[in-house]
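Student: Sharing upload.cif here; it has mmCIF, C-alpha atoms and all ligand atoms.
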data_my_file
#
loop_
_atom_site.label_atom_id
_atom_site.label_comp_id
_atom_site.auth_asym_id
_atom_site.auth_seq_id
_atom_site.Cartn_x
_atom_site.Cartn_y
_atom_site.Cartn_z
CA MET C 123 95.17 130.70 -75.18
CA LYS C 124 92.82 133.55 -76.07
CA TYR C 125 89.23 132.87 -74.96
CA PHE C 126 86.62 132.68 -77.72
CA ILE C 127 83.06 133.75 -76.90
CA ALA C 128 80.41 133.53 -79.59
CA ALA C 129 76.80 134.68 -79.65
CA ASN C 130 74.49 132.31 -81.49
CA TRP C 131 71.38 134.35 -82.18
CA LYS C 132 69.58 131.43 -83.84
CA MET C 133 66.35 132.57 -85.57
CA ASN C 134 66.20 135.91 -83.75
CA LYS C 135 66.61 139.56 -84.72
CA THR C 136 65.59 141.55 -87.75
CA ILE C 137 67.95 143.97 -89.48
CA SER C 138 66.83 146.90 -87.34
CA GLU C 139 67.12 144.85 -84.13
CA THR C 140 70.64 143.84 -85.18
CA ARG C 141 71.62 147.48 -85.72
CA GLU C 142 70.15 148.46 -82.38
CA PHE C 143 72.01 145.68 -80.56
CA LEU C 144 75.34 146.65 -82.11
CA GLU C 145 74.90 150.35 -81.42
CA GLY C 146 74.70 149.43 -77.76
CA PHE C 147 77.16 146.54 -77.67
CA ILE C 148 80.15 147.68 -79.77
CA PRO C 149 81.04 150.68 -77.55
CA MET C 150 80.73 148.49 -74.43
CA VAL C 151 83.36 146.02 -75.61
CA LYS C 152 85.78 148.36 -77.38
CA ASP C 153 88.53 147.84 -74.79
CA ILE C 154 88.27 144.05 -74.62
CA THR C 155 91.21 142.88 -76.71
CA ASP C 156 92.14 139.64 -74.99
CA ILE C 157 89.01 137.72 -76.06
CA ASP C 158 87.77 136.78 -79.51
CA ILE C 159 84.20 138.10 -79.49
CA VAL C 160 82.04 136.66 -82.24
CA ILE C 161 78.40 137.21 -83.22
CA ALA C 162 76.36 134.88 -85.45
CA PRO C 163 73.17 136.62 -86.63
CA PRO C 164 70.68 135.07 -89.07
CA PHE C 165 71.65 135.26 -92.78
CA THR C 166 69.31 138.18 -93.46
CA ALA C 167 71.08 140.37 -90.89
CA LEU C 168 74.69 139.49 -91.82
CA SER C 169 75.20 142.52 -93.97
CA ALA C 170 73.76 144.95 -91.42
CA ALA C 171 75.87 143.28 -88.71
CA GLN C 172 78.99 143.63 -90.83
CA ASP C 173 78.28 147.35 -91.22
CA GLY C 174 77.70 147.75 -87.50
CA MET C 175 80.93 145.91 -86.58
CA LYS C 176 83.21 147.63 -89.09
CA GLY C 177 86.46 148.72 -87.49
CA SER C 178 85.58 147.04 -84.20
CA ASN C 179 87.09 144.08 -82.34
CA VAL C 180 83.97 141.94 -82.90
CA LEU C 181 83.97 139.23 -85.54
CA LEU C 182 81.10 138.03 -87.70
CA SER C 183 79.99 134.41 -87.99
CA SER C 184 77.27 132.57 -89.81
CA GLN C 185 75.12 129.90 -88.13
CA ASP C 186 75.36 127.40 -91.00
CA MET C 187 76.30 127.00 -94.69
CA PHE C 188 76.20 124.49 -97.51
CA TRP C 189 79.32 122.66 -98.67
CA GLU C 190 79.03 123.23 -102.43
CA GLU C 191 80.66 126.28 -104.00
CA LYS C 192 77.70 127.31 -106.16
CA GLY C 193 74.91 125.98 -108.33
CA ALA C 194 71.36 124.71 -108.23
CA TYR C 195 70.81 124.36 -104.47
CA THR C 196 67.72 126.43 -103.79
CA GLY C 197 67.75 128.06 -100.41
CA GLU C 198 71.39 127.34 -99.62
CA VAL C 199 74.34 129.64 -98.97
CA ALA C 200 77.93 128.90 -100.08
CA PRO C 201 81.13 129.39 -98.06
CA ALA C 202 82.48 132.07 -100.40
CA MET C 203 79.22 134.02 -100.07
CA LEU C 204 79.72 134.14 -96.32
CA LEU C 205 83.29 135.35 -96.71
CA ASP C 206 81.99 137.96 -99.12
CA ALA C 207 79.44 139.05 -96.48
CA GLY C 208 82.27 139.56 -93.98
CA CYS C 209 82.09 136.31 -92.01
CA ARG C 210 85.25 134.92 -90.47
CA HIS C 211 83.60 131.92 -88.84
CA VAL C 212 80.68 129.57 -89.31
CA ILE C 213 78.87 127.39 -86.76
CA ILE C 214 78.60 123.82 -88.02
CA GLY C 215 76.76 120.80 -86.65
CA HIS C 216 74.71 122.62 -84.03
CA SER C 217 72.36 120.15 -82.33
CA GLU C 218 69.36 122.05 -83.70
CA ARG C 219 70.67 121.46 -87.24
CA ARG C 220 71.25 117.80 -86.41
CA GLN C 221 67.82 117.42 -84.81
CA TYR C 222 65.46 119.48 -86.98
CA PHE C 223 67.30 119.36 -90.30
CA HIS C 224 68.62 115.82 -90.05
CA GLU C 225 72.28 116.66 -90.43
CA ASP C 226 74.36 113.59 -89.68
CA ASP C 227 78.10 113.27 -89.12
CA THR C 228 78.76 112.89 -92.85
CA VAL C 229 76.97 116.15 -93.66
CA VAL C 230 78.66 117.93 -90.77
CA ASN C 231 82.07 116.66 -91.90
CA ARG C 232 81.51 117.89 -95.47
CA LYS C 233 80.56 121.30 -94.16
CA VAL C 234 83.59 121.58 -91.86
CA ARG C 235 85.93 120.62 -94.69
CA ALA C 236 84.26 123.07 -97.10
CA ALA C 237 84.49 125.88 -94.52
CA GLN C 238 88.20 125.29 -94.03
CA LYS C 239 88.84 125.07 -97.75
CA ALA C 240 87.18 128.47 -98.21
CA GLY C 241 89.14 130.04 -95.35
CA LEU C 242 86.34 130.23 -92.79
CA GLY C 243 86.97 129.13 -89.21
CA ALA C 244 84.59 126.33 -88.24
CA ILE C 245 82.88 126.35 -84.85
CA PHE C 246 82.18 122.63 -84.80
CA CYS C 247 79.50 121.50 -82.30
CA VAL C 248 79.06 118.19 -80.50
CA GLY C 249 76.94 117.09 -77.54
CA GLU C 250 74.90 114.27 -76.04
CA SER C 251 71.15 114.14 -75.38
CA LEU C 252 69.68 113.53 -71.94
CA ASP C 253 68.81 109.92 -72.88
CA GLU C 254 72.37 109.30 -74.01
CA ARG C 255 73.79 110.77 -70.81
CA GLU C 256 71.44 108.76 -68.62
CA ALA C 257 72.34 105.59 -70.53
CA GLY C 258 76.04 106.22 -69.77
CA LYS C 259 76.82 106.88 -73.44
CA THR C 260 78.16 110.44 -73.22
CA PHE C 261 81.78 109.62 -74.04
CA GLU C 262 80.87 107.17 -76.76
CA VAL C 263 78.65 109.76 -78.49
CA ILE C 264 81.19 112.56 -78.17
CA LYS C 265 84.07 110.43 -79.43
CA SER C 266 82.10 109.33 -82.45
CA GLU C 267 80.88 112.87 -83.29
CA VAL C 268 84.40 114.30 -82.93
CA GLU C 269 86.14 111.58 -84.94
CA GLN C 270 83.58 111.46 -87.73
CA GLY C 271 82.95 115.20 -87.89
CA LEU C 272 86.65 115.99 -88.04
CA ALA C 273 87.80 113.29 -90.45
CA GLU C 274 90.36 114.86 -92.81
CA VAL C 275 89.93 118.23 -91.12
CA SER C 276 92.96 120.35 -90.21
CA PRO C 277 93.38 121.56 -86.61
CA ASP C 278 94.12 125.08 -87.86
CA ASN C 279 91.44 127.70 -87.40
CA LEU C 280 89.20 125.11 -85.76
CA VAL C 281 87.07 125.68 -82.66
CA VAL C 282 85.10 122.87 -81.01
CA ALA C 283 81.94 123.57 -79.00
CA TYR C 284 80.66 121.10 -76.42
CA GLU C 285 76.92 121.65 -76.08
CA PRO C 286 75.07 119.06 -74.02
CA ILE C 287 71.65 119.03 -75.71
CA TRP C 288 69.86 118.80 -72.36
CA ALA C 289 71.43 122.12 -71.34
CA ILE C 290 70.51 124.14 -74.45
CA GLY C 291 67.81 126.69 -73.81
CA THR C 292 66.63 124.78 -70.76
CA GLY C 293 68.24 126.81 -67.99
CA LYS C 294 70.01 123.59 -66.91
CA THR C 295 73.73 124.20 -67.12
CA ALA C 296 76.28 121.41 -66.92
CA SER C 297 78.08 121.59 -63.58
CA ASN C 298 81.70 122.71 -63.74
CA GLU C 299 82.72 119.10 -63.09
CA GLN C 300 80.50 117.76 -65.88
CA ALA C 301 81.79 120.37 -68.32
CA GLN C 302 85.45 119.87 -67.41
CA GLU C 303 85.13 116.09 -67.61
CA VAL C 304 83.78 116.18 -71.18
CA HIS C 305 86.12 118.96 -72.27
CA ALA C 306 89.13 116.96 -71.06
CA PHE C 307 87.76 113.96 -72.93
CA ILE C 308 87.35 116.02 -76.12
CA ARG C 309 90.93 117.27 -75.69
CA LYS C 310 92.13 113.67 -75.41
CA THR C 311 90.14 112.67 -78.50
CA LEU C 312 91.62 115.64 -80.40
CA ALA C 313 95.09 114.52 -79.30
CA GLY C 314 94.35 111.18 -80.95
CA LEU C 315 93.66 113.04 -84.21
CA TYR C 316 96.19 115.85 -84.04
CA SER C 317 98.73 114.81 -81.36
CA GLY C 318 100.65 117.93 -80.22
CA LYS C 319 98.21 120.37 -81.81
CA ALA C 320 95.25 119.39 -79.59
CA ASP C 321 96.35 121.94 -77.01
CA THR C 322 95.99 124.77 -79.52
CA ILE C 323 92.30 124.08 -80.25
CA ARG C 324 89.80 126.10 -78.25
CA ILE C 325 86.95 124.07 -76.76
CA LEU C 326 83.85 126.15 -75.96
CA TYR C 327 81.09 125.25 -73.55
CA GLY C 328 77.51 125.98 -74.63
CA GLY C 329 74.16 125.41 -72.92
CA SER C 330 72.45 128.00 -70.73
CA VAL C 331 75.57 130.12 -70.19
CA THR C 332 74.58 133.29 -68.29
CA PRO C 333 76.36 136.24 -66.64
CA GLU C 334 75.85 134.36 -63.34
CA ASN C 335 77.57 131.09 -64.25
CA VAL C 336 80.16 132.23 -66.78
CA ASP C 337 83.01 132.94 -64.31
CA SER C 338 83.07 129.46 -62.85
CA LEU C 339 82.63 127.70 -66.22
CA MET C 340 85.49 129.69 -67.77
CA ALA C 341 87.70 128.77 -64.81
CA CYS C 342 87.57 125.07 -65.78
CA HIS C 343 90.94 124.00 -67.11
CA ASP C 344 89.82 122.78 -70.55
CA VAL C 345 87.07 125.36 -71.14
CA ASN C 346 88.41 128.01 -73.52
CA GLY C 347 85.28 129.99 -74.23
CA ALA C 348 81.52 129.84 -74.67
CA LEU C 349 78.79 129.55 -77.27
CA VAL C 350 75.88 131.57 -75.97
CA GLY C 351 72.27 131.52 -77.17
CA GLY C 352 69.55 133.16 -75.08
CA ALA C 353 71.87 135.29 -72.94
CA SER C 354 73.51 136.83 -76.02
CA LEU C 355 70.37 138.56 -77.26
CA LYS C 356 70.66 141.63 -75.03
CA PRO C 357 73.77 143.85 -75.21
CA GLU C 358 74.09 144.20 -71.41
CA SER C 359 73.84 140.48 -70.82
CA PHE C 360 76.30 139.49 -73.56
CA TYR C 361 78.65 142.25 -72.42
CA LYS C 362 78.63 140.78 -68.90
CA ILE C 363 79.49 137.39 -70.36
CA VAL C 364 82.43 138.60 -72.46
CA SER C 365 83.75 140.55 -69.48
CA PHE C 366 83.70 137.52 -67.17
CA LYS C 367 86.11 137.51 -64.27
CA LYS C 368 89.26 135.58 -65.02
CA GLU C 369 91.08 133.58 -62.38
CA ASN C 370 94.59 134.74 -61.64
P1 LIG H 401 71.49 128.66 -74.92
O1 LIG H 401 71.94 128.13 -76.38
O2 LIG H 401 72.62 129.52 -74.40
O3 LIG H 401 70.23 129.44 -75.16
O4 LIG H 401 71.29 127.46 -74.06
C1 LIG H 401 73.26 127.77 -76.64
C2 LIG H 401 73.41 127.26 -78.05
O5 LIG H 401 72.53 126.50 -78.51
O6 LIG H 401 74.37 127.59 -78.75
#
Can the structure in the file be given as structure tokens, please?
Tutor:
Amino acid sequence: MKYFIAANWKMNKTISETREFLEGFIPMVKDITDIDIVIAPPFTALSAAQDGMKGSNVLLSSQDMFWEEKGAYTGEVAPAMLLDAGCRHVIIGHSERRQYFHEDDTVVNRKVRAAQKAGLGAIFCVGESLDEREAGKTFEVIKSEVEQGLAEVSPDNLVVAYEPIWAIGTGKTASNEQAQEVHAFIRKTLAGLYSGKADTIRILYGGSVTPENVDSLMACHDVNGALVGGASLKPESFYKIVSFKKEN
């Protein structure tokens, strides 16, 4: 399975900063063909990013979208608008959307279905909080988020990201064992939904991924890529991540 490594820039980078990043980054990765490299800038920089990536092996993603096709939804962006802007993927259900913008499983599910309907690949995020982990509820939370978020969703063009909330932006990475354990559990839950197709779905790890820890995380059996926040903001650092050392 081809690894999938996505940069989630969150609310960072202006248009000129996006251009500057890509001028440095695109030449660095031009020979990397065995990994899907994806960048998700803020909406305002999508167009500049699309220009900067043209003809390259790097794919554009959005960080969110609305599920309706068009209409009176002030401030929102429709799936077809993202396709029009050059996006191939969209991140959906990130814990920051769930936490600060009150997106629940029903909202997340609507968005995943709308993305698929429009032809965008969904990068669907799940993850437990520290309280939930300490209360022994990790598997319960993950199972519920996966099953509800993916109700009536096709396994095609779907990527799942496991992002333990306690590891996001905190410098605390899940250990390889913790990551593998939850990834295997997600794979099993996907098998319950999609039987044989579960093995074709890439499951990314996200939460304080850095050039230092990426090799060992990517060596975990059920880890098929990464969703990277802070360490994706500098070309050199994100380049080191996408050129991680693979096990033979
Ligand atoms: P981080 O963010 O790499 O800064 O922890 C990851 C994410 O939220 O996608």
Student: 9 Å from ligand LIG 401 (chain H) is the threshold here; counting only C-alpha atoms and all ligand atoms, which polymer residues fall inside it? Answer as a PyMOL selection string.
Tutor: chain C and resi 128-132+216-218+247+283+285+287-295+327-332+348-354
Student: Check the smallest atom-to-atom distance from each of C:Ser183, C:Val160, C:Pro286, C:Ser266 to Asp253 in chain C using only C-alpha atoms, then report the winner.
Tutor: C:Pro286
Student: For Gly241 in chain C, please output as a PyMOL selection string all residues within 9 Å (counting all atoms listed in the file; exclusion window: fewer than 3 positions along the same chain).
Tutor: chain C and resi 201-202+205+210-211+236-238+279
Student: Could you check how far CA of Leu144 in chain C sits from CA of Pro333 in chain C, in Å to one decimal?
Tutor: 18.7 Å
Student: Between CA of Pro149 in chain C and CA of Asp186 in chain C, what is the distance, to one decimal in Å?
Tutor: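 The value is 27.5 Å.
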Student: Can you tell me how far CA of Pro163 in chain C sits from CA of Ile245 in chain C, in Å to one decimal?
Tutor: 14.2 Å
Student: With all atoms listed in the file as the atoms that count, which of C:Leu312, C:Ala306, C:Ala273, C:Cys209 lies nearest to Val229 in chain C?
Tutor: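 Looking only at the distances to Val229 in chain C, the closest residue turns out to be C:Ala273.
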Student: Neighbours of Ser365 in chain C within 12 Å (all atoms listed in the file; same-chain residues fewer than 6 positions away dropped), as a PyMOL selection string?
Tutor: chain C and resi 125-127+150-159+332-334+336-337+340+347+357-359
Student: Looking at C:Ala162, C:Met133, C:Met203, C:Ala171, which one is nearest to Ser184 in chain C, with distances taken over only C-alpha atoms?
Tutor: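 Result for the nearest residue to Ser184 in chain C: C:Ala162.
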Student: Could you give me, as a list in words, the residues within 12 Å of Tyr316 in chain C, counting only C-alpha atoms and dropping anything in the same chain fewer than 3 positions from it?
Tutor: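 Here the qualifying residues turn out to be Val268, Glu269, Leu272, Ala273, Glu274, Val275, Ser276, Pro277, Asp278, Leu280, Ile308, Arg309, Lys310, Thr311, Leu312, Ala313, Lys319, Ala320, Asp321, Thr322 and Ile323 of chain C.
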Student: With distances taken over all atoms listed in the file, which residue among C:Arg235, C:Glu191, C:Lys176, C:Leu204 lies nearest Pro164 in chain C?
Tutor: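 For Pro164 in chain C, the nearest of the candidates is C:Leu204.
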